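Student: Quick one: structure below, then a few questions.
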Amino acid sequence: MKLKYEHPLKGEVTVPGDKSISHRAVMFGALSKGTTEVTNFLQGADCLSTIDCFRRLGIEIENTPSKILVHGKGLHGLTKSNSMLDVGNSGTTTRLISGILAGQKFETTLNGDESIQSRPMKRIMEPLSMMGADITSIRGNNCAPLRIVGAPLHGIHYHSKVASAQVKSCVLLAGLYADGLTSVTEPSVSRNHTELMLRGFGANVITEGKTATISPDPELIGQKIEVPGDISSAAYFIAAGLIVPGSEILVKNVGINPTRDGLIRVCQAMGADMTLLNKRENSGEPVADILVRHSNLKATTVEGEIIPTLIDELPMIAVMACFAEGTTVIKDAAELKVKESDRIAVMVDNLSRMGAHITGTEDGMIIEGGYPLHGAEIDSHLDHRIAMSFAVAALAAEGETEIQDADCVKISYPNFYEDLLNL
Ligand code: S3P
């Protein structure tokens, strides 16, 4: 894919459904009695992996252009798959489904692509084992492929070392099958879609500060879910509007859950011309339309408790920082190293190729803004968020940029380039 700046970006865009919420709607629908109807479901490869896994576990799922129908079989209705589950590139599928599989009465093996096979799974194997689960990394390297043999589970209070919604959700989902209460305490609060949505399906989930607690064996009932637009996808248009001179973009129907809205707070701190319009609620999740205009950004520091609320937006924020006056510091974000790619190393490498003044650190990046970017050849490392961040960087850079393996955007945003071109 080759991209080159020609003119300001103008107009409206409606981003696709939220990836985290789409995964959970299928999973929780599968564990419920009755049919769950999901509209604005994200048809990205990751969420399709979740559908495929649950079909293999005996759940009938209709995927029509207007909606998804999940014909749930209740908490104890999954059946053994006669083949290995393929989670593709999806960390969310891997970690959440592992919590569910730990409490079944059958054995499952799961595996995914090369990236998944190098991502850390000890973070879920440890708490699941504490609950009594039988989960093994088949190659003994604490990564997928994983073998999970269903076992009786005990409730635990787990103190997680990382603020990770995937770890928290994995343990809470295993808690559905435990013999008592299960709690997870995190160092800072991660996205809470599991807690909100499970409650909507009828589970007893209590949140107090950084701790979430679930009661076992609820009767979950199928729901109607309208998935809000994904703020992580909106991030690319928000950034494009802010950094491409003369731009004005309205990004419609964006989920602004406070555990996901760190990007908005960072943009405001950078002096962005940004307005939230038409605030409303969708299936228990807050939503707004976001209007952005080109702005003279200033540097900021992104650290501490805000990090989990914008973890997937940090590559885009690093690009924005190149166009801001002053030095932006991103820290407390070591988790970036274990995403679909090592997002610290990959951002430093690719932004340096474009002429940015950027240094990688152990837990983040330091970016000196104000040095104009020029076109370059970008290696996406098959990471969707890297490809999209550099598509935006390219529009604000001098000359032409070529992105390798640009079609990896299909993981979370299959029509990304079309939507960008429409602006
Ligand atoms: C997600 C949680 C985050 C995020 C990922 C989706 C989720 O991962 O990066 O894209 O849906 O729970 P971690 O929980 O590993 O931080």
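Chain labels run A, B, ... following the order of the structure tokens; each chain numbers its residues from 1, and ligands are numbered from 1 in the order shown.
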Taking a cut-off of 7 Å and counting only C-alpha atoms and all ligand atoms, can you build a table that, for each residue of chain A near ligand 1, reports the nearest atom pair and how far apart they are in Å (one decimal), sorted by chain then residue number, as JSON lines?
Tutor:
```
{"residue": "A:Lys19", "atom": "CA", "partner": "ligand 1", "partner_atom_place_in_ligand_line": "11 (O)", "distance": 6.7}
{"residue": "A:Ser20", "atom": "CA", "partner": "ligand 1", "partner_atom_place_in_ligand_line": "11 (O)", "distance": 3.7}
{"residue": "A:Thr92", "atom": "CA", "partner": "ligand 1", "partner_atom_place_in_ligand_line": "11 (O)", "distance": 5.3}
{"residue": "A:Ala163", "atom": "CA", "partner": "ligand 1", "partner_atom_place_in_ligand_line": "16 (O)", "distance": 6.5}
{"residue": "A:Ser164", "atom": "CA", "partner": "ligand 1", "partner_atom_place_in_ligand_line": "14 (O)", "distance": 3.4}
{"residue": "A:Ala165", "atom": "CA", "partner": "ligand 1", "partner_atom_place_in_ligand_line": "14 (O)", "distance": 3.8}
{"residue": "A:Gln166", "atom": "CA", "partner": "ligand 1", "partner_atom_place_in_ligand_line": "14 (O)", "distance": 3.8}
{"residue": "A:Val167", "atom": "CA", "partner": "ligand 1", "partner_atom_place_in_ligand_line": "14 (O)", "distance": 6.0}
{"residue": "A:Arg191", "atom": "CA", "partner": "ligand 1", "partner_atom_place_in_ligand_line": "12 (O)", "distance": 6.7}
{"residue": "A:Pro308", "atom": "CA", "partner": "ligand 1", "partner_atom_place_in_ligand_line": "16 (O)", "distance": 6.6}
{"residue": "A:Ile311", "atom": "CA", "partner": "ligand 1", "partner_atom_place_in_ligand_line": "9 (O)", "distance": 5.9}
{"residue": "A:Asp312", "atom": "CA", "partner": "ligand 1", "partner_atom_place_in_ligand_line": "9 (O)", "distance": 5.2}
{"residue": "A:Glu335", "atom": "CA", "partner": "ligand 1", "partner_atom_place_in_ligand_line": "16 (O)", "distance": 6.9}
{"residue": "A:Lys339", "atom": "CA", "partner": "ligand 1", "partner_atom_place_in_ligand_line": "9 (O)", "distance": 6.8}
```
Student: So that I have them on file, write out the residues from the current selection with all heavy atoms, as an mmCIF file, in the first residue's frame.
Tutor:
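Output below, filename result28.cif:
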```
data_model
loop_
_atom_site.group_PDB
_atom_site.id
_atom_site.type_symbol
_atom_site.label_atom_id
_atom_site.label_comp_id
_atom_site.auth_asym_id
_atom_site.auth_seq_id
_atom_site.Cartn_x
_atom_site.Cartn_y
_atom_site.Cartn_z
ATOM 1 N N LYS A 19 -13.906 -4.059 18.959
ATOM 2 C CA LYS A 19 -13.359 -5.420 18.889
ATOM 3 C C LYS A 19 -13.559 -6.142 20.222
ATOM 4 O O LYS A 19 -14.029 -7.278 20.252
ATOM 5 C CB LYS A 19 -11.872 -5.344 18.520
ATOM 6 C CG LYS A 19 -11.187 -6.678 18.392
ATOM 7 C CD LYS A 19 -9.983 -6.594 17.472
ATOM 8 C CE LYS A 19 -8.740 -6.043 18.136
ATOM 9 N NZ LYS A 19 -8.149 -6.942 19.148
ATOM 10 N N SER A 20 -13.210 -5.500 21.323
ATOM 11 C CA SER A 20 -13.330 -6.146 22.644
ATOM 12 C C SER A 20 -14.782 -6.544 22.914
ATOM 13 O O SER A 20 -15.063 -7.639 23.414
ATOM 14 C CB SER A 20 -12.882 -5.173 23.744
ATOM 15 O OG SER A 20 -11.516 -4.897 23.629
ATOM 16 N N THR A 92 -7.143 -11.782 22.571
ATOM 17 C CA THR A 92 -8.380 -11.754 23.369
ATOM 18 C C THR A 92 -9.081 -13.110 23.297
ATOM 19 O O THR A 92 -9.502 -13.657 24.330
ATOM 20 C CB THR A 92 -9.316 -10.636 22.859
ATOM 21 O OG1 THR A 92 -8.595 -9.409 22.838
ATOM 22 C CG2 THR A 92 -10.517 -10.483 23.757
ATOM 23 N N ALA A 163 -1.892 -4.782 34.544
ATOM 24 C CA ALA A 163 -3.251 -4.277 34.319
ATOM 25 C C ALA A 163 -3.657 -4.779 32.941
ATOM 26 O O ALA A 163 -3.289 -4.197 31.932
ATOM 27 C CB ALA A 163 -3.257 -2.760 34.364
ATOM 28 N N SER A 164 -4.352 -5.889 32.903
ATOM 29 C CA SER A 164 -4.721 -6.507 31.624
ATOM 30 C C SER A 164 -6.150 -7.018 31.698
ATOM 31 O O SER A 164 -6.473 -7.883 32.520
ATOM 32 C CB SER A 164 -3.772 -7.670 31.311
ATOM 33 O OG SER A 164 -4.384 -8.543 30.378
ATOM 34 N N ALA A 165 -6.988 -6.476 30.817
ATOM 35 C CA ALA A 165 -8.385 -6.926 30.781
ATOM 36 C C ALA A 165 -8.478 -8.367 30.314
ATOM 37 O O ALA A 165 -9.422 -9.078 30.659
ATOM 38 C CB ALA A 165 -9.190 -6.023 29.865
ATOM 39 N N GLN A 166 -7.498 -8.800 29.528
ATOM 40 C CA GLN A 166 -7.535 -10.190 29.062
ATOM 41 C C GLN A 166 -7.282 -11.140 30.224
ATOM 42 O O GLN A 166 -7.950 -12.167 30.349
ATOM 43 C CB GLN A 166 -6.517 -10.396 27.939
ATOM 44 C CG GLN A 166 -6.884 -9.590 26.702
ATOM 45 C CD GLN A 166 -5.926 -9.799 25.541
ATOM 46 O OE1 GLN A 166 -4.943 -10.506 25.664
ATOM 47 N NE2 GLN A 166 -6.233 -9.169 24.427
ATOM 48 N N VAL A 167 -6.326 -10.800 31.101
ATOM 49 C CA VAL A 167 -6.060 -11.634 32.272
ATOM 50 C C VAL A 167 -7.258 -11.585 33.220
ATOM 51 O O VAL A 167 -7.765 -12.625 33.660
ATOM 52 C CB VAL A 167 -4.763 -11.170 32.981
ATOM 53 C CG1 VAL A 167 -4.592 -11.896 34.302
ATOM 54 C CG2 VAL A 167 -3.555 -11.389 32.077
ATOM 55 N N ARG A 191 -9.825 -2.142 30.935
ATOM 56 C CA ARG A 191 -11.172 -2.037 30.339
ATOM 57 C C ARG A 191 -12.149 -2.987 31.036
ATOM 58 O O ARG A 191 -11.785 -4.129 31.354
ATOM 59 C CB ARG A 191 -11.111 -2.276 28.828
ATOM 60 C CG ARG A 191 -10.706 -3.644 28.409
ATOM 61 C CD ARG A 191 -10.415 -3.691 26.911
ATOM 62 N NE ARG A 191 -9.239 -2.908 26.579
ATOM 63 C CZ ARG A 191 -8.851 -2.578 25.351
ATOM 64 N NH1 ARG A 191 -9.565 -2.975 24.309
ATOM 65 N NH2 ARG A 191 -7.777 -1.874 25.144
ATOM 66 N N PRO A 308 -3.463 1.772 30.766
ATOM 67 C CA PRO A 308 -4.363 0.713 30.274
ATOM 68 C C PRO A 308 -5.572 1.254 29.505
ATOM 69 O O PRO A 308 -6.171 0.520 28.724
ATOM 70 C CB PRO A 308 -4.829 -0.003 31.551
ATOM 71 C CG PRO A 308 -4.008 0.515 32.661
ATOM 72 C CD PRO A 308 -3.316 1.753 32.233
ATOM 73 N N ILE A 311 -3.941 1.734 25.835
ATOM 74 C CA ILE A 311 -2.783 0.890 25.492
ATOM 75 C C ILE A 311 -2.681 0.642 23.985
ATOM 76 O O ILE A 311 -1.598 0.711 23.409
ATOM 77 C CB ILE A 311 -2.801 -0.441 26.306
ATOM 78 C CG1 ILE A 311 -1.527 -1.226 26.109
ATOM 79 C CG2 ILE A 311 -4.021 -1.295 26.010
ATOM 80 C CD1 ILE A 311 -0.317 -0.656 26.778
ATOM 81 N N ASP A 312 -3.825 0.417 23.321
ATOM 82 C CA ASP A 312 -3.774 0.112 21.878
ATOM 83 C C ASP A 312 -3.597 1.376 21.028
ATOM 84 O O ASP A 312 -3.333 1.286 19.826
ATOM 85 C CB ASP A 312 -5.046 -0.625 21.439
ATOM 86 C CG ASP A 312 -5.117 -2.026 22.037
ATOM 87 O OD1 ASP A 312 -4.060 -2.562 22.441
ATOM 88 O OD2 ASP A 312 -6.224 -2.581 22.108
ATOM 89 N N GLU A 335 3.968 -3.143 28.531
ATOM 90 C CA GLU A 335 3.054 -4.089 27.872
ATOM 91 C C GLU A 335 3.098 -3.981 26.351
ATOM 92 O O GLU A 335 2.763 -4.934 25.642
ATOM 93 C CB GLU A 335 1.616 -3.832 28.354
ATOM 94 C CG GLU A 335 1.286 -4.471 29.681
ATOM 95 C CD GLU A 335 1.324 -5.996 29.617
ATOM 96 O OE1 GLU A 335 0.513 -6.564 28.885
ATOM 97 O OE2 GLU A 335 2.167 -6.607 30.283
ATOM 98 N N LYS A 339 2.551 -7.057 22.612
ATOM 99 C CA LYS A 339 1.338 -6.985 21.787
ATOM 100 C C LYS A 339 1.570 -7.777 20.492
ATOM 101 O O LYS A 339 2.481 -8.592 20.413
ATOM 102 C CB LYS A 339 0.983 -5.519 21.528
ATOM 103 C CG LYS A 339 0.554 -4.771 22.799
ATOM 104 C CD LYS A 339 -0.715 -5.365 23.368
ATOM 105 C CE LYS A 339 -1.131 -4.681 24.663
ATOM 106 N NZ LYS A 339 -2.265 -5.338 25.288
#
```
Student: With only C-alpha atoms as the counted atoms, please give the residues lying no more than 7 Å from Ala30 of chain A, apart from itself and same-chain residues fewer than 5 positions off, as a VMD selection string.
Tutor: chain A and resid 59 70 to 74
Student: Go ahead and dump the residues you just picked, all heavy atoms, as a JSON list (two decimals), in the first residue's frame.
Tutor:
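Saved result, part_28.json, follows:
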```
[["chain", "number", "residue", "atom", "x", "y", "z"],
["A", 59, "ILE", "N", -21.64, -24.48, 19.26],
["A", 59, "ILE", "CA", -22.61, -23.38, 19.29],
["A", 59, "ILE", "C", -22.97, -22.97, 17.86],
["A", 59, "ILE", "O", -22.08, -22.72, 17.04],
["A", 59, "ILE", "CB", -22.04, -22.17, 20.06],
["A", 59, "ILE", "CG1", -21.65, -22.56, 21.49],
["A", 59, "ILE", "CG2", -23.05, -21.01, 20.08],
["A", 59, "ILE", "CD1", -22.78, -23.06, 22.37],
["A", 70, "VAL", "N", -26.36, -15.64, 18.01],
["A", 70, "VAL", "CA", -25.64, -16.68, 18.74],
["A", 70, "VAL", "C", -26.69, -17.51, 19.49],
["A", 70, "VAL", "O", -27.38, -16.98, 20.36],
["A", 70, "VAL", "CB", -24.64, -16.06, 19.75],
["A", 70, "VAL", "CG1", -23.83, -17.15, 20.45],
["A", 70, "VAL", "CG2", -23.72, -15.07, 19.06],
["A", 71, "HIS", "N", -26.81, -18.77, 19.14],
["A", 71, "HIS", "CA", -27.81, -19.62, 19.79],
["A", 71, "HIS", "C", -27.14, -20.32, 20.96],
["A", 71, "HIS", "O", -26.57, -21.40, 20.82],
["A", 71, "HIS", "CB", -28.41, -20.60, 18.78],
["A", 71, "HIS", "CG", -29.08, -19.89, 17.63],
["A", 71, "HIS", "ND1", -30.28, -19.24, 17.78],
["A", 71, "HIS", "CD2", -28.70, -19.68, 16.35],
["A", 71, "HIS", "CE1", -30.62, -18.68, 16.62],
["A", 71, "HIS", "NE2", -29.67, -18.92, 15.74],
["A", 72, "GLY", "N", -27.18, -19.65, 22.10],
["A", 72, "GLY", "CA", -26.45, -20.11, 23.29],
["A", 72, "GLY", "C", -27.04, -21.39, 23.85],
["A", 72, "GLY", "O", -28.21, -21.72, 23.62],
["A", 73, "LYS", "N", -26.21, -22.11, 24.60],
["A", 73, "LYS", "CA", -26.65, -23.38, 25.20],
["A", 73, "LYS", "C", -26.48, -23.36, 26.71],
["A", 73, "LYS", "O", -26.46, -24.43, 27.33],
["A", 73, "LYS", "CB", -25.84, -24.53, 24.60],
["A", 73, "LYS", "CG", -26.19, -24.81, 23.13],
["A", 73, "LYS", "CD", -25.53, -26.11, 22.74],
["A", 73, "LYS", "CE", -25.93, -26.54, 21.34],
["A", 73, "LYS", "NZ", -25.04, -27.63, 20.89],
["A", 74, "GLY", "N", -26.30, -22.18, 27.28],
["A", 74, "GLY", "CA", -26.16, -22.10, 28.74],
["A", 74, "GLY", "C", -24.71, -22.36, 29.16],
["A", 74, "GLY", "O", -23.87, -22.78, 28.36]]
```
Student: I'd like the contact shell of Glu208 of chain A - 12 Å cut-off, only C-alpha atoms, skipping same-chain residues fewer than 6 positions apart - returned as a PyMOL selection string.
Tutor: chain A and resi 183-186+189+192+195+214
Student: Give the answer as one residue: which of A:Ile51, A:Asp230, A:Asp289, A:Thr213 has the shortest atom-to-atom distance to Leu250 of chain A, using only C-alpha atoms?
Tutor: A:Asp289
Student: Figure out the distance between atom CA of Gly112 of chain A and atom CA of Gly77 of chain A, please, to one decimal in Å.
Tutor: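 That distance, rounded to one decimal, is 24.4 Å.
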Student: Return the single residue from A:Thr328, A:Thr300, A:Thr35, A:Asn253 that is closest to Glu12 of chain A, with distances computed using only C-alpha atoms.
Tutor: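 Closest to Glu12 of chain A of all the choices is A:Asn253.
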Student: If you measure from atom CA of Phe106 of chain A to atom CA of Ser32 of chain A, what distance in Å do you get, rounded to one decimal?
Tutor: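 If I compute the distance from atom CA of Phe106 of chain A to atom CA of Ser32 of chain A, I get 19.0 Å.
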Student: Using only C-alpha atoms for the distances, tell me which of A:Leu75, A:Ile116, A:Ala318, A:Cys170 is nearest to Ser90 of chain A.
Tutor: A:Ile116
Student: Skipping near chain neighbours, those fewer than 4 positions away, what residues fall within 8 Å of segment 273-285 of chain A using only C-alpha atoms, listed as a count of residues only?
Tutor: 20
Student: For Met130 of chain A, work out the shell of residues within 9 Å, counting only C-alpha atoms and skipping chain neighbours fewer than 2 positions away, then give it as a list in words.
Tutor: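 In the requested form, the answer reads Met125, Glu126, Pro127, Leu128, Gly132, Ala133, Leu153, His154, Ile156 and Tyr158 of chain A.
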Student: Just write the chosen residues, N, CA, C and O atoms, as an mmCIF file, in the first residue's frame.
Tutor:
```
data_model
loop_
_atom_site.group_PDB
_atom_site.id
_atom_site.type_symbol
_atom_site.label_atom_id
_atom_site.label_comp_id
_atom_site.auth_asym_id
_atom_site.auth_seq_id
_atom_site.Cartn_x
_atom_site.Cartn_y
_atom_site.Cartn_z
ATOM 1 N N MET A 125 -1.923 -18.785 32.682
ATOM 2 C CA MET A 125 -1.701 -20.154 33.177
ATOM 3 C C MET A 125 -1.541 -20.140 34.697
ATOM 4 O O MET A 125 -2.019 -21.046 35.387
ATOM 5 N N GLU A 126 -0.890 -19.087 35.205
ATOM 6 C CA GLU A 126 -0.634 -19.023 36.648
ATOM 7 C C GLU A 126 -1.938 -18.923 37.455
ATOM 8 O O GLU A 126 -2.207 -19.783 38.292
ATOM 9 N N PRO A 127 -2.781 -17.913 37.202
ATOM 10 C CA PRO A 127 -4.009 -17.854 38.007
ATOM 11 C C PRO A 127 -4.947 -19.037 37.758
ATOM 12 O O PRO A 127 -5.565 -19.537 38.704
ATOM 13 N N LEU A 128 -5.019 -19.516 36.516
ATOM 14 C CA LEU A 128 -5.909 -20.657 36.251
ATOM 15 C C LEU A 128 -5.426 -21.882 37.019
ATOM 16 O O LEU A 128 -6.221 -22.616 37.602
ATOM 17 N N GLY A 132 -7.040 -24.479 40.145
ATOM 18 C CA GLY A 132 -7.167 -25.933 39.990
ATOM 19 C C GLY A 132 -7.229 -26.374 38.543
ATOM 20 O O GLY A 132 -7.444 -27.560 38.257
ATOM 21 N N ALA A 133 -7.034 -25.442 37.617
ATOM 22 C CA ALA A 133 -7.135 -25.792 36.195
ATOM 23 C C ALA A 133 -5.944 -26.622 35.756
ATOM 24 O O ALA A 133 -4.858 -26.550 36.340
ATOM 25 N N LEU A 153 -12.936 -26.233 39.524
ATOM 26 C CA LEU A 153 -12.185 -25.002 39.832
ATOM 27 C C LEU A 153 -12.587 -24.438 41.192
ATOM 28 O O LEU A 153 -13.732 -24.569 41.620
ATOM 29 N N HIS A 154 -11.616 -23.802 41.839
ATOM 30 C CA HIS A 154 -11.867 -23.146 43.123
ATOM 31 C C HIS A 154 -11.836 -21.635 42.927
ATOM 32 O O HIS A 154 -11.035 -21.131 42.141
ATOM 33 N N ILE A 156 -10.720 -17.957 43.769
ATOM 34 C CA ILE A 156 -9.497 -17.390 44.361
ATOM 35 C C ILE A 156 -9.615 -15.863 44.363
ATOM 36 O O ILE A 156 -10.494 -15.307 43.695
ATOM 37 N N TYR A 158 -7.199 -13.196 43.060
ATOM 38 C CA TYR A 158 -5.943 -13.091 42.324
ATOM 39 C C TYR A 158 -5.475 -11.639 42.261
ATOM 40 O O TYR A 158 -6.245 -10.753 41.894
#
```
Student: Suppose you want the space between atom CA of Leu85 of chain A and atom CA of Leu110 of chain A; what is it in Å?
Tutor: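 That distance, rounded to one decimal, is 4.5 Å.
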Student: To test your reading of the structure, identify every residue in segment 193-330 of chain A that backbone DSSP assigns to alpha helix (DSSP H), and report it as a ChimeraX atom specification.
Tutor: /A:193-201,231-243,262-269,314-322
Student: Suppose we keep N, CA and C atoms; can you now write the selection as an mmCIF file, in the first residue's frame?
Tutor:
```cif
data_model
loop_
_atom_site.group_PDB
_atom_site.id
_atom_site.type_symbol
_atom_site.label_atom_id
_atom_site.label_comp_id
_atom_site.auth_asym_id
_atom_site.auth_seq_id
_atom_site.Cartn_x
_atom_site.Cartn_y
_atom_site.Cartn_z
ATOM 1 N N HIS A 193 -15.304 -4.093 30.004
ATOM 2 C CA HIS A 193 -16.429 -4.587 29.192
ATOM 3 C C HIS A 193 -16.939 -5.944 29.688
ATOM 4 N N THR A 194 -16.042 -6.779 30.181
ATOM 5 C CA THR A 194 -16.486 -8.094 30.677
ATOM 6 C C THR A 194 -17.446 -7.919 31.849
ATOM 7 N N GLU A 195 -17.054 -7.067 32.792
ATOM 8 C CA GLU A 195 -17.880 -6.876 33.969
ATOM 9 C C GLU A 195 -19.243 -6.300 33.569
ATOM 10 N N LEU A 196 -19.231 -5.246 32.735
ATOM 11 C CA LEU A 196 -20.488 -4.597 32.337
ATOM 12 C C LEU A 196 -21.389 -5.569 31.584
ATOM 13 N N MET A 197 -20.802 -6.289 30.618
ATOM 14 C CA MET A 197 -21.649 -7.123 29.758
ATOM 15 C C MET A 197 -22.128 -8.373 30.482
ATOM 16 N N LEU A 198 -21.252 -8.989 31.290
ATOM 17 C CA LEU A 198 -21.686 -10.187 32.021
ATOM 18 C C LEU A 198 -22.846 -9.842 32.951
ATOM 19 N N ARG A 199 -22.763 -8.657 33.570
ATOM 20 C CA ARG A 199 -23.850 -8.199 34.439
ATOM 21 C C ARG A 199 -25.142 -8.101 33.624
ATOM 22 N N GLY A 200 -25.039 -7.559 32.412
ATOM 23 C CA GLY A 200 -26.204 -7.443 31.537
ATOM 24 C C GLY A 200 -26.809 -8.801 31.185
ATOM 25 N N PHE A 201 -25.971 -9.830 31.132
ATOM 26 C CA PHE A 201 -26.458 -11.186 30.818
ATOM 27 C C PHE A 201 -27.002 -11.890 32.066
ATOM 28 N N ILE A 231 -13.265 2.851 19.750
ATOM 29 C CA ILE A 231 -12.419 4.053 19.927
ATOM 30 C C ILE A 231 -10.994 3.769 19.440
ATOM 31 N N SER A 232 -10.586 2.510 19.485
ATOM 32 C CA SER A 232 -9.235 2.181 19.021
ATOM 33 C C SER A 232 -9.130 2.331 17.507
ATOM 34 N N SER A 233 -10.237 2.141 16.785
ATOM 35 C CA SER A 233 -10.266 2.387 15.337
ATOM 36 C C SER A 233 -10.476 3.872 15.055
ATOM 37 N N ALA A 234 -11.302 4.515 15.886
ATOM 38 C CA ALA A 234 -11.539 5.955 15.735
ATOM 39 C C ALA A 234 -10.235 6.736 15.886
ATOM 40 N N ALA A 235 -9.316 6.183 16.682
ATOM 41 C CA ALA A 235 -8.055 6.872 16.999
ATOM 42 C C ALA A 235 -7.317 7.331 15.740
ATOM 43 N N TYR A 236 -7.373 6.514 14.679
ATOM 44 C CA TYR A 236 -6.616 6.846 13.464
ATOM 45 C C TYR A 236 -7.197 8.077 12.775
ATOM 46 N N PHE A 237 -8.523 8.208 12.801
ATOM 47 C CA PHE A 237 -9.145 9.369 12.161
ATOM 48 C C PHE A 237 -9.034 10.605 13.045
ATOM 49 N N ILE A 238 -9.107 10.394 14.354
ATOM 50 C CA ILE A 238 -8.923 11.512 15.287
ATOM 51 C C ILE A 238 -7.516 12.088 15.056
ATOM 52 N N ALA A 239 -6.536 11.211 15.018
ATOM 53 C CA ALA A 239 -5.153 11.670 14.826
ATOM 54 C C ALA A 239 -4.974 12.307 13.455
ATOM 55 N N ALA A 240 -5.553 11.679 12.427
ATOM 56 C CA ALA A 240 -5.412 12.233 11.073
ATOM 57 C C ALA A 240 -5.993 13.638 11.019
ATOM 58 N N GLY A 241 -7.163 13.817 11.623
ATOM 59 C CA GLY A 241 -7.797 15.138 11.643
ATOM 60 C C GLY A 241 -6.920 16.163 12.345
ATOM 61 N N LEU A 242 -6.245 15.731 13.397
ATOM 62 C CA LEU A 242 -5.434 16.669 14.184
ATOM 63 C C LEU A 242 -4.116 17.029 13.500
ATOM 64 N N ILE A 243 -3.510 16.075 12.768
ATOM 65 C CA ILE A 243 -2.152 16.351 12.259
ATOM 66 C C ILE A 243 -2.086 16.714 10.774
ATOM 67 N N GLY A 262 -8.674 7.076 27.352
ATOM 68 C CA GLY A 262 -7.428 7.796 27.619
ATOM 69 C C GLY A 262 -6.957 8.643 26.444
ATOM 70 N N LEU A 263 -7.226 8.164 25.224
ATOM 71 C CA LEU A 263 -6.803 8.919 24.039
ATOM 72 C C LEU A 263 -7.430 10.318 24.039
ATOM 73 N N ILE A 264 -8.702 10.386 24.413
ATOM 74 C CA ILE A 264 -9.387 11.678 24.407
ATOM 75 C C ILE A 264 -8.704 12.621 25.402
ATOM 76 N N ARG A 265 -8.376 12.066 26.566
ATOM 77 C CA ARG A 265 -7.722 12.899 27.590
ATOM 78 C C ARG A 265 -6.328 13.346 27.125
ATOM 79 N N VAL A 266 -5.613 12.472 26.424
ATOM 80 C CA VAL A 266 -4.281 12.852 25.929
ATOM 81 C C VAL A 266 -4.416 13.931 24.847
ATOM 82 N N CYS A 267 -5.375 13.775 23.945
ATOM 83 C CA CYS A 267 -5.574 14.787 22.896
ATOM 84 C C CYS A 267 -5.870 16.139 23.540
ATOM 85 N N GLN A 268 -6.726 16.118 24.567
ATOM 86 C CA GLN A 268 -7.049 17.392 25.233
ATOM 87 C C GLN A 268 -5.795 17.993 25.860
ATOM 88 N N ALA A 269 -4.977 17.146 26.494
ATOM 89 C CA ALA A 269 -3.737 17.649 27.109
ATOM 90 C C ALA A 269 -2.782 18.201 26.055
ATOM 91 N N LEU A 314 -1.361 3.765 21.768
ATOM 92 C CA LEU A 314 -0.026 4.361 21.946
ATOM 93 C C LEU A 314 0.776 4.472 20.655
ATOM 94 N N PRO A 315 0.684 3.513 19.715
ATOM 95 C CA PRO A 315 1.404 3.736 18.449
ATOM 96 C C PRO A 315 0.926 5.014 17.746
ATOM 97 N N MET A 316 -0.392 5.232 17.759
ATOM 98 C CA MET A 316 -0.926 6.436 17.097
ATOM 99 C C MET A 316 -0.507 7.699 17.856
ATOM 100 N N ILE A 317 -0.497 7.608 19.185
ATOM 101 C CA ILE A 317 -0.085 8.759 20.003
ATOM 102 C C ILE A 317 1.388 9.084 19.728
ATOM 103 N N ALA A 318 2.204 8.053 19.538
ATOM 104 C CA ALA A 318 3.629 8.291 19.237
ATOM 105 C C ALA A 318 3.774 9.071 17.928
ATOM 106 N N VAL A 319 2.929 8.742 16.946
ATOM 107 C CA VAL A 319 2.970 9.493 15.683
ATOM 108 C C VAL A 319 2.527 10.942 15.921
ATOM 109 N N MET A 320 1.440 11.117 16.675
ATOM 110 C CA MET A 320 0.967 12.480 16.956
ATOM 111 C C MET A 320 2.059 13.308 17.630
ATOM 112 N N ALA A 321 2.818 12.649 18.507
ATOM 113 C CA ALA A 321 3.866 13.354 19.257
ATOM 114 C C ALA A 321 4.928 13.931 18.317
ATOM 115 N N CYS A 322 5.123 13.300 17.155
ATOM 116 C CA CYS A 322 6.098 13.828 16.183
ATOM 117 C C CYS A 322 5.663 15.193 15.650
#
```
Student: So that I can check the surroundings of Ser137 of chain A, please list as a count of residues only every protein, DNA and RNA residue that reaches within 8 Å of it, counting only C-alpha atoms and ignoring chain neighbours fewer than 6 positions away.
Tutor: 5
